[in-house]
Every structure is written in C-alpha cells, then in structure tokens.
file my_file-v3.cif (mmCIF, C-alpha atoms)
data_work
#
loop_
_atom_site.group_PDB
_atom_site.id
_atom_site.type_symbol
_atom_site.label_atom_id
_atom_site.label_comp_id
_atom_site.auth_asym_id
_atom_site.auth_seq_id
_atom_site.Cartn_x
_atom_site.Cartn_y
_atom_site.Cartn_z
ATOM 1 C CA ASP A 1332 -50.792 -31.692 -70.385
ATOM 2 C CA GLU A 1333 -51.839 -28.847 -72.650
ATOM 3 C CA ARG A 1334 -52.942 -28.460 -76.231
ATOM 4 C CA VAL A 1335 -51.699 -25.278 -77.841
ATOM 5 C CA LYS A 1336 -52.695 -23.839 -81.201
ATOM 6 C CA SER A 1337 -49.631 -22.918 -83.267
ATOM 7 C CA LYS A 1338 -48.899 -21.980 -86.881
ATOM 8 C CA ASN A 1339 -48.345 -25.712 -87.494
ATOM 9 C CA GLY A 1340 -51.760 -26.616 -86.093
ATOM 10 C CA LEU A 1341 -52.706 -28.034 -82.708
ATOM 11 C CA ARG A 1342 -49.686 -29.225 -80.683
ATOM 12 C CA GLN A 1343 -49.537 -31.318 -77.509
ATOM 13 C CA PHE A 1344 -47.255 -29.962 -74.754
ATOM 14 C CA LYS A 1345 -46.099 -31.470 -71.484
ATOM 15 C CA THR A 1346 -45.836 -28.308 -69.365
ATOM 16 C CA TYR A 1347 -44.194 -27.901 -65.948
ATOM 17 C CA LYS A 1348 -45.030 -24.687 -64.058
ATOM 18 C CA SER A 1349 -43.867 -23.185 -60.800
ATOM 19 C CA PRO A 1350 -44.625 -19.869 -59.059
ATOM 20 C CA ILE A 1351 -41.883 -17.223 -58.673
ATOM 21 C CA PHE A 1352 -41.686 -15.677 -55.202
ATOM 22 C CA GLY A 1353 -40.232 -12.279 -54.275
ATOM 23 C CA GLN A 1354 -38.059 -11.597 -51.219
ATOM 24 C CA ASP A 1355 -41.160 -10.776 -49.217
ATOM 25 C CA GLY A 1356 -42.701 -14.176 -50.081
ATOM 26 C CA GLN A 1357 -45.300 -12.709 -52.436
ATOM 27 C CA VAL A 1358 -45.949 -14.426 -55.777
ATOM 28 C CA LEU A 1359 -44.453 -12.333 -58.575
ATOM 29 C CA GLY A 1360 -45.357 -14.604 -61.473
ATOM 30 C CA THR A 1361 -44.968 -18.042 -62.949
ATOM 31 C CA VAL A 1362 -42.176 -19.794 -64.776
ATOM 32 C CA GLY A 1363 -42.969 -22.686 -67.092
ATOM 33 C CA ILE A 1364 -41.081 -25.222 -69.139
ATOM 34 C CA ALA A 1365 -42.944 -26.810 -72.045
ATOM 35 C CA HIS A 1366 -41.918 -29.908 -73.956
ATOM 36 C CA ASP A 1367 -43.586 -30.565 -77.323
ATOM 37 C CA VAL A 1368 -44.687 -34.223 -77.199
ATOM 38 C CA THR A 1369 -46.984 -34.163 -80.242
ATOM 39 C CA ASP A 1370 -44.849 -36.588 -82.242
ATOM 40 C CA LEU A 1371 -44.454 -38.896 -79.238
ATOM 41 C CA GLN A 1372 -48.227 -38.778 -78.703
ATOM 42 C CA ASN A 1373 -48.819 -39.644 -82.358
ATOM 43 C CA MET A 1374 -46.256 -42.439 -82.185
ATOM 44 C CA GLY A 1375 -47.942 -43.844 -79.075
ATOM 45 C CA THR A 1376 -51.311 -43.787 -80.849
ATOM 46 C CA GLU A 1377 -49.845 -45.553 -83.889
ATOM 47 C CA LEU A 1378 -48.233 -48.219 -81.693
ATOM 48 C CA GLU A 1379 -51.533 -48.765 -79.874
ATOM 49 C CA ILE A 1380 -53.317 -49.239 -83.227
ATOM 50 C CA VAL A 1381 -50.690 -51.798 -84.321
ATOM 51 C CA LEU A 1382 -50.852 -53.584 -80.948
ATOM 52 C CA GLN A 1383 -54.656 -53.854 -81.017
ATOM 53 C CA SER A 1384 -54.846 -55.016 -84.655
ATOM 54 C CA MET A 1385 -52.321 -57.866 -84.314
ATOM 55 C CA PRO A 1386 -53.815 -61.367 -84.822
ATOM 56 C CA PHE A 1387 -51.808 -62.695 -81.849
ATOM 57 C CA ALA A 1388 -52.309 -62.173 -78.132
ATOM 58 C CA ILE A 1389 -49.732 -59.637 -76.937
ATOM 59 C CA LEU A 1390 -48.666 -58.619 -73.429
ATOM 60 C CA VAL A 1391 -46.142 -55.901 -72.582
ATOM 61 C CA LYS A 1392 -44.343 -55.839 -69.225
ATOM 62 C CA ASN A 1393 -41.623 -53.665 -67.739
ATOM 63 C CA SER A 1394 -38.180 -54.761 -66.521
ATOM 64 C CA ASP A 1395 -39.625 -55.526 -63.056
ATOM 65 C CA GLY A 1396 -42.140 -57.970 -64.552
ATOM 66 C CA ILE A 1397 -45.133 -55.645 -64.061
ATOM 67 C CA ILE A 1398 -47.749 -55.878 -66.824
ATOM 68 C CA LEU A 1399 -48.195 -52.569 -68.663
ATOM 69 C CA ASN A 1400 -50.591 -53.425 -71.465
ATOM 70 C CA ILE A 1401 -52.373 -56.214 -73.328
ATOM 71 C CA ASN A 1402 -54.186 -56.217 -76.652
ATOM 72 C CA ARG A 1403 -57.740 -57.261 -77.583
ATOM 73 C CA LYS A 1404 -56.694 -60.745 -78.693
ATOM 74 C CA PHE A 1405 -55.086 -61.352 -75.289
ATOM 75 C CA SER A 1406 -58.346 -60.299 -73.610
ATOM 76 C CA GLU A 1407 -60.239 -62.811 -75.787
ATOM 77 C CA TYR A 1408 -57.809 -65.680 -75.039
ATOM 78 C CA PHE A 1409 -57.758 -65.245 -71.284
ATOM 79 C CA GLY A 1410 -61.056 -63.481 -70.542
ATOM 80 C CA VAL A 1411 -59.415 -60.478 -68.869
ATOM 81 C CA SER A 1412 -59.465 -56.746 -69.562
ATOM 82 C CA ALA A 1413 -56.504 -54.393 -69.947
ATOM 83 C CA GLU A 1414 -57.654 -52.574 -66.795
ATOM 84 C CA GLU A 1415 -57.588 -55.822 -64.749
ATOM 85 C CA MET A 1416 -54.135 -56.775 -66.016
ATOM 86 C CA ALA A 1417 -52.357 -53.414 -65.772
ATOM 87 C CA GLY A 1418 -50.087 -53.324 -62.721
ATOM 88 C CA LEU A 1419 -50.156 -57.088 -62.036
ATOM 89 C CA ASP A 1420 -46.981 -59.113 -61.602
ATOM 90 C CA TYR A 1421 -46.569 -61.281 -64.731
ATOM 91 C CA ASP A 1422 -45.148 -64.362 -62.942
ATOM 92 C CA SER A 1423 -47.898 -64.298 -60.293
ATOM 93 C CA TRP A 1424 -50.566 -64.003 -62.979
ATOM 94 C CA LEU A 1425 -49.052 -66.901 -64.950
ATOM 95 C CA GLU A 1426 -49.030 -69.164 -61.857
ATOM 96 C CA LYS A 1427 -52.761 -68.547 -61.336
ATOM 97 C CA LEU A 1428 -53.468 -69.830 -64.854
ATOM 98 C CA ASN A 1429 -53.058 -73.417 -63.614
ATOM 99 C CA TYR A 1430 -50.936 -74.475 -66.567
ATOM 100 C CA LYS A 1431 -48.443 -77.223 -67.296
ATOM 101 C CA PHE A 1432 -45.397 -77.084 -69.539
ATOM 102 C CA THR A 1433 -45.391 -79.186 -72.693
ATOM 103 C CA ASP A 1434 -42.248 -80.966 -73.873
ATOM 104 C CA ARG A 1435 -41.437 -78.135 -76.307
ATOM 105 C CA GLN A 1436 -39.350 -75.512 -74.538
ATOM 106 C CA THR A 1437 -36.680 -73.456 -76.323
ATOM 107 C CA ASP A 1438 -34.783 -70.244 -75.633
ATOM 108 C CA GLY A 1439 -37.199 -67.325 -75.825
ATOM 109 C CA CYS A 1440 -40.193 -69.610 -76.323
ATOM 110 C CA MET A 1441 -42.298 -71.582 -73.879
ATOM 111 C CA GLU A 1442 -45.261 -73.781 -74.624
ATOM 112 C CA ILE A 1443 -47.961 -74.383 -72.032
ATOM 113 C CA ALA A 1444 -51.217 -76.298 -71.826
ATOM 114 C CA ILE A 1445 -54.131 -74.697 -69.976
ATOM 115 C CA GLN A 1446 -57.663 -75.882 -69.228
ATOM 116 C CA THR A 1447 -60.446 -73.511 -70.280
ATOM 117 C CA ASP A 1448 -64.114 -74.369 -70.795
ATOM 118 C CA GLY A 1449 -63.310 -78.013 -70.010
ATOM 119 C CA GLN A 1450 -60.891 -78.263 -72.929
ATOM 120 C CA GLU A 1451 -57.106 -78.253 -73.126
ATOM 121 C CA HIS A 1452 -55.560 -75.422 -75.126
ATOM 122 C CA ILE A 1453 -51.882 -75.364 -76.056
ATOM 123 C CA LEU A 1454 -50.355 -71.894 -76.156
ATOM 124 C CA GLU A 1455 -46.952 -70.847 -77.429
ATOM 125 C CA PHE A 1456 -45.343 -67.846 -75.693
ATOM 126 C CA HIS A 1457 -42.535 -65.980 -77.459
ATOM 127 C CA LYS A 1458 -40.672 -63.414 -75.363
ATOM 128 C CA GLU A 1459 -38.602 -60.615 -76.842
ATOM 129 C CA PRO A 1460 -36.668 -58.013 -74.833
ATOM 130 C CA ILE A 1461 -37.437 -54.299 -75.223
ATOM 131 C CA TYR A 1462 -34.473 -51.906 -75.114
ATOM 132 C CA ASP A 1463 -34.434 -48.117 -74.890
ATOM 133 C CA ILE A 1464 -32.242 -45.829 -77.027
ATOM 134 C CA PHE A 1465 -29.354 -46.389 -74.578
ATOM 135 C CA SER A 1466 -29.592 -50.200 -75.070
ATOM 136 C CA ASP A 1467 -30.844 -50.643 -71.505
ATOM 137 C CA LEU A 1468 -33.420 -53.376 -70.944
ATOM 138 C CA VAL A 1469 -36.739 -51.683 -70.135
ATOM 139 C CA GLY A 1470 -39.179 -54.550 -70.536
ATOM 140 C CA GLU A 1471 -40.365 -57.514 -72.495
ATOM 141 C CA ILE A 1472 -43.040 -58.181 -75.090
ATOM 142 C CA CYS A 1473 -44.799 -61.555 -74.923
ATOM 143 C CA ILE A 1474 -46.496 -62.815 -78.070
ATOM 144 C CA CYS A 1475 -48.884 -65.693 -77.524
ATOM 145 C CA ARG A 1476 -50.573 -67.861 -80.135
ATOM 146 C CA GLU A 1477 -52.736 -70.941 -79.853
ATOM 147 C CA VAL A 1478 -51.182 -74.052 -81.430
ATOM 148 C CA THR A 1479 -53.699 -76.667 -80.236
ATOM 149 C CA VAL A 1480 -54.830 -77.685 -83.744
ATOM 150 C CA GLU A 1481 -51.237 -77.751 -85.057
ATOM 151 C CA ARG A 1482 -50.072 -80.032 -82.246
ATOM 152 C CA ALA A 1483 -53.065 -82.363 -82.730
ATOM 153 C CA LEU A 1484 -52.274 -82.649 -86.464
ATOM 154 C CA GLU A 1485 -48.598 -83.304 -85.693
ATOM 155 C CA GLN A 1486 -49.576 -86.094 -83.293
ATOM 156 C CA GLN A 1487 -51.913 -87.584 -85.903
ATOM 157 C CA ILE A 1488 -49.193 -87.520 -88.584
ATOM 158 C CA LEU A 1489 -46.700 -89.078 -86.147
ATOM 159 C CA HIS A 1490 -49.197 -91.783 -85.186
ATOM 160 C CA ASN A 1491 -49.959 -92.556 -88.839
ATOM 161 C CA SER A 1492 -46.273 -92.823 -89.730
ATOM 162 C CA HIS A 1493 -45.577 -95.199 -86.805
ATOM 163 C CA THR A 1494 -48.528 -97.559 -87.079
ATOM 164 C CA ASP A 1495 -49.973 -99.992 -89.572
ATOM 165 C CA PHE A 1496 -53.184 -98.593 -91.085
ATOM 166 C CA LEU A 1497 -54.987 -101.951 -91.072
ATOM 167 C CA THR A 1498 -54.084 -103.336 -87.631
ATOM 168 C CA GLY A 1499 -53.131 -100.179 -85.721
ATOM 169 C CA LEU A 1500 -49.954 -101.931 -84.511
ATOM 170 C CA TYR A 1501 -46.584 -100.220 -84.434
ATOM 171 C CA ASN A 1502 -44.590 -100.643 -87.652
ATOM 172 C CA ARG A 1503 -40.940 -101.150 -88.564
ATOM 173 C CA ARG A 1504 -40.213 -97.394 -88.627
ATOM 174 C CA PHE A 1505 -41.356 -97.089 -85.004
ATOM 175 C CA PHE A 1506 -39.238 -100.128 -84.063
ATOM 176 C CA SER A 1507 -36.116 -98.600 -85.680
ATOM 177 C CA GLU A 1508 -36.682 -95.241 -83.997
ATOM 178 C CA GLU A 1509 -37.197 -96.899 -80.611
ATOM 179 C CA LEU A 1510 -33.931 -98.833 -81.013
ATOM 180 C CA ARG A 1511 -32.116 -95.580 -81.785
ATOM 181 C CA ARG A 1512 -33.793 -93.880 -78.806
ATOM 182 C CA LEU A 1513 -32.812 -96.713 -76.441
ATOM 183 C CA ASP A 1514 -29.280 -96.630 -77.848
ATOM 184 C CA VAL A 1515 -28.709 -100.405 -77.824
ATOM 185 C CA LYS A 1516 -24.983 -99.891 -78.428
ATOM 186 C CA ARG A 1517 -24.618 -98.945 -74.760
ATOM 187 C CA ASN A 1518 -25.568 -102.445 -73.577
ATOM 188 C CA TYR A 1519 -29.168 -101.485 -72.812
ATOM 189 C CA PRO A 1520 -30.950 -104.726 -71.732
ATOM 190 C CA LEU A 1521 -33.271 -105.542 -74.606
ATOM 191 C CA ARG A 1522 -35.717 -108.444 -75.074
ATOM 192 C CA ILE A 1523 -37.605 -109.105 -78.296
ATOM 193 C CA ILE A 1524 -40.728 -111.253 -78.616
ATOM 194 C CA CYS A 1525 -42.044 -112.176 -82.073
ATOM 195 C CA CYS A 1526 -45.759 -113.019 -82.373
ATOM 196 C CA ASP A 1527 -47.954 -114.142 -85.193
ATOM 197 C CA VAL A 1528 -50.851 -111.655 -85.091
ATOM 198 C CA ASN A 1529 -53.270 -113.503 -87.390
ATOM 199 C CA GLY A 1530 -53.163 -116.769 -85.423
ATOM 200 C CA LEU A 1531 -51.717 -118.887 -88.257
#
call {"tool": "encode", "arguments": {"input": "my_file-v3.cif", "output": "structure tokens"}}
result
Amino acid sequence: DERVKSKNGLRQFKTYKSPIFGQDGQVLGTVGIAHDVTDLQNMGTELEIVLQSMPFAILVKNSDGIILNINRKFSEYFGVSAEEMAGLDYDSWLEKLNYKFTDRQTDGCMEIAIQTDGQEHILEFHKEPIYDIFSDLVGEICICREVTVERALEQQILHNSHTDFLTGLYNRRFFSEELRRLDVKRNYPLRIICCDVNGL
C-alpha cells in the first residue's frame, strides 16, 4: 500500500512489485503494477462511518458464516469487541449465547430471548444477503434490535383485552377466540362449566 502525491492530490495505490532478472541471474530492475484504490478506500471509510453510527446492532459475515465486522451498538448489546468477534464462526458464536427462540419466527427474521445481567432480553435478528456486482452471494448482514419493551407492552394489551378489569377473569372475547382456536367444528371434545362468581 502506497500513498502517492499527484496533480489531483494524495492518492492511495495498491502496488505489486517484482524484480526483473537478466540471463545471468542478476537483478536488472523492478517492474510494478499499481492500482488506484483511493475511491474504494474512501467508500470503505464512508461505509464504516455509516455502520458505526447506526442505532441498531449490526454484524457482517461472509458466505462461509465467518464474522467480518460488528458495530459499536453490537459491542454494547453483547459485551464483545470487534477484535474478539472478527474471524469467529457466526453459528458457533450464536450457540454460546445460551438463547431460546420465541414464537415469532418469519423468513429472514428470527427472534430470540437471552439472559443477561439476570434479566431476559428479547432480540429481533433480521438477515439480508449481500451480493457482489456479479450477483454472487458474498455474505450476509445481520441487523439486531431489542424488542423487550415492545413485547411486554403487547402482552399487557393482549391481557387487558382478554380479561375483566374488575375480577381479572377471562372475558367473552377470550372465550370466542379460544373456541376458534380449538376449532369446535372438527368434533373437538369440549366441556363447559358455568359458575356464579359472586356466590349469589
């Protein structure tokens, strides 16, 4: 890697050099091939800035599942550094997290629950393929965000809509939804007991 001053300012070159030998085996000179990678270098720097400033935890892996990079938010979530993660196998790392799947799994998205600091955190992983200019798969970007508070609010809303505020007992909406879930039309054995809850 060389930096060369040109009329357009400082340029970054990727230079390959080899000695030239004469018939007697003596070195006559050097031949070199230089590739101007200034724009690629700038693009890489810009991408790194975008990656590090994202409000989500991001992990980049290659097509073999080897982790290439993570951003600052990922380091905060999982307490690891980019140096520790680089070169690790993604699937092996994920297994060591000691996680469990939640009931929300869709194509390209997985939701897991992990225990950290004695508390359960629910994380949503979105995976998107990365293709090169020839449309060949070269890796995957994983975007992770914490949805613990969202899921807790959803559960609270669901609980409130299915129970009576005064008694805490399940209401008619819950009963109707349970009947639909059990699909009573398929001769599911069903027993109903009616009770008077106030003792009158």
call {"tool": "closest_atom_pairs", "arguments": {"input": "my_file-v3.cif", "of": "range 1434-1493 of chain A", "to": "range 1382-1389 of chain A", "cutoff": "12 Å", "atoms": "all atoms listed in the file", "output": "JSON lines"}}
result
{"residue": "A:Leu1454", "atom": "CA", "partner": "A:Ala1388", "partner_atom": "CA", "distance": 10.1}
{"residue": "A:Glu1455", "atom": "CA", "partner": "A:Ala1388", "partner_atom": "CA", "distance": 10.2}
{"residue": "A:Phe1456", "atom": "CA", "partner": "A:Ala1388", "partner_atom": "CA", "distance": 9.3}
{"residue": "A:His1457", "atom": "CA", "partner": "A:Ile1389", "partner_atom": "CA", "distance": 9.6}
{"residue": "A:Lys1458", "atom": "CA", "partner": "A:Ile1389", "partner_atom": "CA", "distance": 9.9}
{"residue": "A:Glu1459", "atom": "CA", "partner": "A:Ile1389", "partner_atom": "CA", "distance": 11.2}
{"residue": "A:Glu1471", "atom": "CA", "partner": "A:Ile1389", "partner_atom": "CA", "distance": 10.6}
{"residue": "A:Ile1472", "atom": "CA", "partner": "A:Ile1389", "partner_atom": "CA", "distance": 7.1}
{"residue": "A:Cys1473", "atom": "CA", "partner": "A:Ile1389", "partner_atom": "CA", "distance": 5.7}
{"residue": "A:Ile1474", "atom": "CA", "partner": "A:Ile1389", "partner_atom": "CA", "distance": 4.7}
{"residue": "A:Cys1475", "atom": "CA", "partner": "A:Ala1388", "partner_atom": "CA", "distance": 4.9}
{"residue": "A:Arg1476", "atom": "CA", "partner": "A:Phe1387", "partner_atom": "CA", "distance": 5.6}
{"residue": "A:Glu1477", "atom": "CA", "partner": "A:Phe1387", "partner_atom": "CA", "distance": 8.5}
{"residue": "A:Val1478", "atom": "CA", "partner": "A:Phe1387", "partner_atom": "CA", "distance": 11.4}
call {"tool": "write_last_selection", "arguments": {"input": "my_file-v3.cif", "atoms": "C-alpha atoms", "output": "short mmCIF file (atom, residue, chain, number, x, y, z; two decimals), in the coordinates of the input"}}
result
data_model
loop_
_atom_site.label_atom_id
_atom_site.label_comp_id
_atom_site.auth_asym_id
_atom_site.auth_seq_id
_atom_site.Cartn_x
_atom_site.Cartn_y
_atom_site.Cartn_z
CA LEU A 1454 -50.36 -71.89 -76.16
CA GLU A 1455 -46.95 -70.85 -77.43
CA PHE A 1456 -45.34 -67.85 -75.69
CA HIS A 1457 -42.54 -65.98 -77.46
CA LYS A 1458 -40.67 -63.41 -75.36
CA GLU A 1459 -38.60 -60.62 -76.84
CA GLU A 1471 -40.36 -57.51 -72.50
CA ILE A 1472 -43.04 -58.18 -75.09
CA CYS A 1473 -44.80 -61.56 -74.92
CA ILE A 1474 -46.50 -62.82 -78.07
CA CYS A 1475 -48.88 -65.69 -77.52
CA ARG A 1476 -50.57 -67.86 -80.14
CA GLU A 1477 -52.74 -70.94 -79.85
CA VAL A 1478 -51.18 -74.05 -81.43
#
call {"tool": "resolve_selection", "arguments": {"input": "my_file-v3.cif", "expression": "the PyMOL selection byres ((chain A and resi 1420) around 7)", "output": "ChimeraX atom specification"}}
result
/A:1396-1398,1418-1419,1421-1424
call {"tool": "resolve_selection", "arguments": {"input": "my_file-v3.cif", "expression": "the PyMOL selection byres ((chain A and resi 1406) around 12)", "output": "list in words"}}
result
Gln1383, Phe1387, Ala1388, Ile1389, Leu1390, Asn1400, Ile1401, Asn1402, Arg1403, Lys1404, Phe1405, Glu1407, Tyr1408, Phe1409, Gly1410, Val1411, Ser1412, Ala1413, Glu1414, Glu1415, Met1416 and Cys1475 of chain A
call {"tool": "atom_distance", "arguments": {"input": "my_file-v3.cif", "atom1": "CA of Asn1393 in chain A", "atom2": "CA of Val1469 in chain A"}}
result
5.8 Å
call {"tool": "atom_distance", "arguments": {"input": "my_file-v3.cif", "atom1": "CA of Gln1446 in chain A", "atom2": "CA of Tyr1430 in chain A"}}
result
7.4 Å
call {"tool": "residues_around", "arguments": {"input": "my_file-v3.cif", "residues": "Gly1363 in chain A", "least_positions_apart": "3", "cutoff": "12 Å", "atoms": "only C-alpha atoms", "output": "compact mmCIF listing (two decimals) with C-alpha atoms, in the coordinates of the input"}}
result
# COMPACT_ATOMS: atom_id res chain seq x y z
CA PHE A 1344 -47.26 -29.96 -74.75
CA LYS A 1345 -46.10 -31.47 -71.48
CA THR A 1346 -45.84 -28.31 -69.36
CA TYR A 1347 -44.19 -27.90 -65.95
CA LYS A 1348 -45.03 -24.69 -64.06
CA SER A 1349 -43.87 -23.18 -60.80
CA PRO A 1350 -44.62 -19.87 -59.06
CA ILE A 1351 -41.88 -17.22 -58.67
CA GLY A 1360 -45.36 -14.60 -61.47
CA HIS A 1366 -41.92 -29.91 -73.96
call {"tool": "atom_distance", "arguments": {"input": "my_file-v3.cif", "atom1": "CA of Gly1470 in chain A", "atom2": "CA of Lys1392 in chain A"}}
result
5.5 Å
call {"tool": "residues_around", "arguments": {"input": "my_file-v3.cif", "residues": "Phe1506 in chain A", "least_positions_apart": "6", "cutoff": "12 Å", "atoms": "all atoms listed in the file", "output": "ChimeraX atom specification"}}
result
/A:1492-1494,1500,1512-1513,1523
call {"tool": "closest_residue", "arguments": {"input": "my_file-v3.cif", "among": "A:Val1391, A:Ala1365, A:Val1358, A:Val1480", "to": "Ile1453 in chain A", "atoms": "all atoms listed in the file"}}
result
A:Val1480
call {"tool": "residues_near_point", "arguments": {"input": "my_file-v3.cif", "point": "(-45.0, -97.7, -83.9)", "cutoff": "10 Å", "atoms": "only C-alpha atoms", "output": "list in words"}}
result
Leu1489, His1490, Asn1491, Ser1492, His1493, Thr1494, Asp1495, Gly1499, Leu1500, Tyr1501, Asn1502, Arg1503, Arg1504, Phe1505, Phe1506, Ser1507, Glu1508 and Glu1509 of chain A
call {"tool": "closest_residue", "arguments": {"input": "my_file-v3.cif", "among": "A:Tyr1462, A:Arg1482, A:Val1335, A:Ala1417", "to": "Ala1444 in chain A", "atoms": "only C-alpha atoms"}}
result
A:Arg1482
call {"tool": "closest_residue", "arguments": {"input": "my_file-v3.cif", "among": "A:Thr1479, A:Gln1486, A:Ile1461, A:Leu1399", "to": "Ile1443 in chain A", "atoms": "only C-alpha atoms"}}
result
A:Thr1479
call {"tool": "closest_residue", "arguments": {"input": "my_file-v3.cif", "among": "A:His1452, A:Thr1433, A:Thr1361, A:Asp1367", "to": "Arg1334 in chain A", "atoms": "only C-alpha atoms"}}
result
A:Asp1367
call {"tool": "build_atoms", "arguments": {"input": "my_file-v3.cif", "residues": "range 1405-1414 of chain A", "atoms": "all heavy atoms", "output": "PDB file, in the frame of the given file"}}
result
ATOM      1  N   PHE A1405     -55.469 -60.808 -76.591  1.00  0.00           N
ATOM      2  CA  PHE A1405     -55.086 -61.352 -75.289  1.00  0.00           C
ATOM      3  C   PHE A1405     -56.307 -61.408 -74.375  1.00  0.00           C
ATOM      4  O   PHE A1405     -56.519 -62.385 -73.666  1.00  0.00           O
ATOM      5  CB  PHE A1405     -53.974 -60.501 -74.663  1.00  0.00           C
ATOM      6  CG  PHE A1405     -53.239 -61.177 -73.548  1.00  0.00           C
ATOM      7  CD1 PHE A1405     -52.050 -61.839 -73.783  1.00  0.00           C
ATOM      8  CD2 PHE A1405     -53.755 -61.177 -72.250  1.00  0.00           C
ATOM      9  CE1 PHE A1405     -51.374 -62.481 -72.751  1.00  0.00           C
ATOM     10  CE2 PHE A1405     -53.091 -61.812 -71.221  1.00  0.00           C
ATOM     11  CZ  PHE A1405     -51.897 -62.466 -71.470  1.00  0.00           C
ATOM     12  N   SER A1406     -57.112 -60.344 -74.411  1.00  0.00           N
ATOM     13  CA  SER A1406     -58.346 -60.299 -73.610  1.00  0.00           C
ATOM     14  C   SER A1406     -59.275 -61.446 -73.987  1.00  0.00           C
ATOM     15  O   SER A1406     -59.872 -62.081 -73.127  1.00  0.00           O
ATOM     16  CB  SER A1406     -59.073 -58.971 -73.823  1.00  0.00           C
ATOM     17  OG  SER A1406     -58.307 -57.910 -73.321  1.00  0.00           O
ATOM     18  N   GLU A1407     -59.384 -61.714 -75.309  1.00  0.00           N
ATOM     19  CA  GLU A1407     -60.239 -62.811 -75.787  1.00  0.00           C
ATOM     20  C   GLU A1407     -59.725 -64.166 -75.304  1.00  0.00           C
ATOM     21  O   GLU A1407     -60.497 -65.006 -74.843  1.00  0.00           O
ATOM     22  CB  GLU A1407     -60.282 -62.814 -77.320  1.00  0.00           C
ATOM     23  CG  GLU A1407     -61.076 -61.677 -77.921  1.00  0.00           C
ATOM     24  CD  GLU A1407     -60.924 -61.633 -79.437  1.00  0.00           C
ATOM     25  OE1 GLU A1407     -60.604 -62.672 -80.054  1.00  0.00           O
ATOM     26  OE2 GLU A1407     -61.109 -60.537 -80.011  1.00  0.00           O
ATOM     27  N   TYR A1408     -58.408 -64.397 -75.423  1.00  0.00           N
ATOM     28  CA  TYR A1408     -57.809 -65.680 -75.039  1.00  0.00           C
ATOM     29  C   TYR A1408     -58.039 -65.993 -73.569  1.00  0.00           C
ATOM     30  O   TYR A1408     -58.373 -67.107 -73.205  1.00  0.00           O
ATOM     31  CB  TYR A1408     -56.295 -65.652 -75.292  1.00  0.00           C
ATOM     32  CG  TYR A1408     -55.837 -66.149 -76.640  1.00  0.00           C
ATOM     33  CD1 TYR A1408     -56.700 -66.230 -77.726  1.00  0.00           C
ATOM     34  CD2 TYR A1408     -54.521 -66.537 -76.833  1.00  0.00           C
ATOM     35  CE1 TYR A1408     -56.266 -66.664 -78.955  1.00  0.00           C
ATOM     36  CE2 TYR A1408     -54.079 -66.985 -78.074  1.00  0.00           C
ATOM     37  CZ  TYR A1408     -54.959 -67.043 -79.126  1.00  0.00           C
ATOM     38  OH  TYR A1408     -54.518 -67.481 -80.342  1.00  0.00           O
ATOM     39  N   PHE A1409     -57.799 -64.996 -72.724  1.00  0.00           N
ATOM     40  CA  PHE A1409     -57.758 -65.245 -71.284  1.00  0.00           C
ATOM     41  C   PHE A1409     -58.940 -64.671 -70.504  1.00  0.00           C
ATOM     42  O   PHE A1409     -59.014 -64.824 -69.291  1.00  0.00           O
ATOM     43  CB  PHE A1409     -56.438 -64.726 -70.705  1.00  0.00           C
ATOM     44  CG  PHE A1409     -55.230 -65.383 -71.305  1.00  0.00           C
ATOM     45  CD1 PHE A1409     -54.495 -64.763 -72.299  1.00  0.00           C
ATOM     46  CD2 PHE A1409     -54.839 -66.651 -70.890  1.00  0.00           C
ATOM     47  CE1 PHE A1409     -53.383 -65.376 -72.868  1.00  0.00           C
ATOM     48  CE2 PHE A1409     -53.736 -67.275 -71.453  1.00  0.00           C
ATOM     49  CZ  PHE A1409     -53.019 -66.635 -72.443  1.00  0.00           C
ATOM     50  N   GLY A1410     -59.861 -64.007 -71.206  1.00  0.00           N
ATOM     51  CA  GLY A1410     -61.056 -63.481 -70.542  1.00  0.00           C
ATOM     52  C   GLY A1410     -60.761 -62.413 -69.508  1.00  0.00           C
ATOM     53  O   GLY A1410     -61.393 -62.379 -68.443  1.00  0.00           O
ATOM     54  N   VAL A1411     -59.783 -61.560 -69.791  1.00  0.00           N
ATOM     55  CA  VAL A1411     -59.415 -60.478 -68.869  1.00  0.00           C
ATOM     56  C   VAL A1411     -59.391 -59.159 -69.639  1.00  0.00           C
ATOM     57  O   VAL A1411     -59.221 -59.144 -70.850  1.00  0.00           O
ATOM     58  CB  VAL A1411     -58.028 -60.725 -68.224  1.00  0.00           C
ATOM     59  CG1 VAL A1411     -58.066 -61.893 -67.268  1.00  0.00           C
ATOM     60  CG2 VAL A1411     -56.950 -60.936 -69.278  1.00  0.00           C
ATOM     61  N   SER A1412     -59.532 -58.063 -68.924  1.00  0.00           N
ATOM     62  CA  SER A1412     -59.465 -56.746 -69.562  1.00  0.00           C
ATOM     63  C   SER A1412     -58.099 -56.112 -69.300  1.00  0.00           C
ATOM     64  O   SER A1412     -57.379 -56.518 -68.390  1.00  0.00           O
ATOM     65  CB  SER A1412     -60.562 -55.834 -69.008  1.00  0.00           C
ATOM     66  OG  SER A1412     -60.294 -55.524 -67.644  1.00  0.00           O
ATOM     67  N   ALA A1413     -57.778 -55.111 -70.115  1.00  0.00           N
ATOM     68  CA  ALA A1413     -56.504 -54.393 -69.947  1.00  0.00           C
ATOM     69  C   ALA A1413     -56.447 -53.722 -68.585  1.00  0.00           C
ATOM     70  O   ALA A1413     -55.389 -53.655 -67.957  1.00  0.00           O
ATOM     71  CB  ALA A1413     -56.346 -53.364 -71.065  1.00  0.00           C
ATOM     72  N   GLU A1414     -57.602 -53.243 -68.107  1.00  0.00           N
ATOM     73  CA  GLU A1414     -57.654 -52.574 -66.795  1.00  0.00           C
ATOM     74  C   GLU A1414     -57.341 -53.556 -65.668  1.00  0.00           C
ATOM     75  O   GLU A1414     -56.649 -53.210 -64.706  1.00  0.00           O
ATOM     76  CB  GLU A1414     -59.042 -51.951 -66.555  1.00  0.00           C
ATOM     77  CG  GLU A1414     -59.376 -50.767 -67.443  1.00  0.00           C
ATOM     78  CD  GLU A1414     -59.744 -51.153 -68.868  1.00  0.00           C
ATOM     79  OE1 GLU A1414     -60.147 -52.323 -69.093  1.00  0.00           O
ATOM     80  OE2 GLU A1414     -59.596 -50.301 -69.765  1.00  0.00           O
TER      81      GLU A1414
END
